[in-house]
Amino acid sequence: MATSMARSGLRSASLLLRRGAKGKRSFSVSAHDDAHETAKWEKITYAGIATCTILSIYNLSKGHPHHEEPPAYPYLHIRNKEFPWGPDGLFESKHH
Amino acid sequence: MIESQRHSYHLVDPSPWPISGSLGALATTVGGVMYMHPFQGGATLLSLGLIFILYTMFVWWRDVLRESTLEGHHTKAVQLGPRYGSILFIVSEVMFLFAFFWASSHSSLAPTVEIGGIWPPKGIGVLDPWEIPFLNTPILPSSGAAVTWAHHAILAGKEKRAVYALVATVSLALVSTGFQGMEYYQAPPTISDSIYGSTFFLATGFHGFHVIIGTLFLIICGIRQYLGQMTKEHHVGFEAAAWYWHFVDVVRLFPFVSIYWWGGI
């Protein structure tokens, strides 16, 4: 079983190699195919953009929740030494 | 002077950029240490070092593009170098990000008593994974589809379409970075709030940084495509950017599932 699988794998690999050596480029079959693929991926991109736009509108219209300030647990807002630039972390202004 | 070259390899000219990059790296590390400890002039040396490194990157890559596009030194044999280099670079990046996911899983699978024995730690308000994190997840794969569109357009010789496709790719990338910034602004925890904040911002922040690097790489490819510097047969720079971009967009799925979703409920 395993040997026959390995043999067929080798055969298809050698076929691929031979085809690659004969053709100009091994990555694509022809310019016509590339034109077809270009059109296909253009459509997929538009579908992706449409999905993301709908998701964004839905998400942004919902608004965002506001969290309450937690109790001062020792593992929150850790300060072992001063920052070179001052008391706050770089993106921490929301704490004050 | 080379009179006749009987091999397909590129013997490079002497260049000042390796030593200027090294000096920039030295100034950056020494300046960085000085800045983080109370030494005078640390910020100045750090900034100078970073400027030196950025300058070196610009002029070195400019030289490589000239050697390739204008001087024709990048034969098929020479192209193998940047191809293997790009693949090895991406493999090393996978390992780099793997460490952050390891740290996050290590801390969240068996939360310690110091943080209340639960994950997320007691008092940490987490983001709803189905809001901006979920919105931001399909934007990068869509951008990945757009870069595939650009690739096929280049192979089909549709130069203008390739430019449009790259504009779409970069636009989606910028939207993604914008939403990431919005998410960080709204996120209740900061990087100094327990091991949750440390692992969350280290993993998602480094991913976001990679998105920015990939965006710059694709912008350069878009400009080069617009200038007609890439052909059907020779566009190694674009291929490397596309590989890198697919790495970035696939990796996005891991923080979404393991950090935002599993780690946030």
# chains A, B, ... in the order shown; residues from 1 in each chain; ligands from 1
call {"tool": "interface_residues", "arguments": {"of": "chain A", "to": "chain B", "cutoff": "8 Å", "atoms": "only C-alpha atoms", "output": "compact mmCIF listing (two decimals) with C-alpha atoms, in the first residue's frame"}}
result
# COMPACT_ATOMS: atom_id res chain seq x y z
CA ALA A 31 -1.56 33.52 -20.59
CA HIS A 32 -5.19 32.66 -21.27
CA ASP A 34 -3.81 33.71 -16.16
CA ALA A 35 -6.41 36.08 -17.64
CA GLU A 37 -7.55 33.51 -12.95
CA THR A 38 -7.14 37.31 -12.84
CA ALA A 39 -10.88 37.77 -13.46
CA LYS A 40 -11.73 35.08 -10.86
CA TRP A 41 -9.59 36.61 -8.11
CA GLU A 42 -10.85 40.09 -8.96
CA ILE A 44 -13.28 37.12 -5.02
CA THR A 45 -11.65 40.39 -3.92
CA GLY A 48 -14.39 40.08 0.24
CA ILE A 49 -14.62 43.89 0.17
CA CYS A 52 -16.06 43.44 5.10
CA LEU A 55 -19.58 43.71 8.67
CA SER A 56 -18.02 47.13 9.38
CA ASN A 59 -20.25 46.55 13.88
CA HIS A 67 -16.14 48.92 31.13
CA PRO A 70 -11.64 47.41 38.30
CA PRO A 71 -10.44 47.43 41.93
CA TYR A 73 -5.49 44.53 42.24
CA TYR A 75 -1.25 42.74 39.26
CA LEU A 76 -2.96 45.62 37.44
CA HIS A 77 -1.22 48.84 36.35
CA ILE A 78 2.21 47.44 37.24
CA ARG A 79 4.99 50.01 37.81
CA PHE A 83 9.50 55.00 32.19
CA PRO A 84 12.13 57.15 30.46
CA GLY A 89 2.80 53.82 29.42
CA PHE A 91 -0.70 54.02 24.94
CA GLU A 92 -2.12 54.30 28.45
CA LYS A 94 -7.06 56.25 28.87
call {"tool": "residues_around", "arguments": {"residues": "B:Asp13", "least_positions_apart": "2", "cutoff": "12 Å", "atoms": "only C-alpha atoms", "output": "list in words"}}
result
Met1, Ile2, His10, Leu11, Ser15, Pro16, Trp17, Asp63, Val64, Glu67 and His73 of chain B
call {"tool": "residues_around", "arguments": {"residues": "B:Trp261", "least_positions_apart": "2", "cutoff": "9 Å", "atoms": "only C-alpha atoms", "output": "PyMOL selection string"}}
result
chain B and resi 128-130+133+255-259+263-265
call {"tool": "closest_residue", "arguments": {"among": "B:Val167, B:Leu174, B:Ile118, B:Leu97", "to": "B:Val248", "atoms": "only C-alpha atoms"}}
result
B:Leu97
call {"tool": "closest_residue", "arguments": {"among": "B:Leu218, B:His207, B:His106, B:Gly32", "to": "B:Val94", "atoms": "only C-alpha atoms"}}
result
B:His207
call {"tool": "atom_distance", "arguments": {"atom1": "atom CA of B:Thr215", "atom2": "atom CA of B:Lys76"}}
result
26.8 Å
call {"tool": "atom_distance", "arguments": {"atom1": "atom CA of B:Gly205", "atom2": "atom CA of A:Ser61"}}
result
25.9 Å
call {"tool": "atom_distance", "arguments": {"atom1": "atom CA of A:Gly86", "atom2": "atom CA of B:Leu46"}}
result
17.5 Å
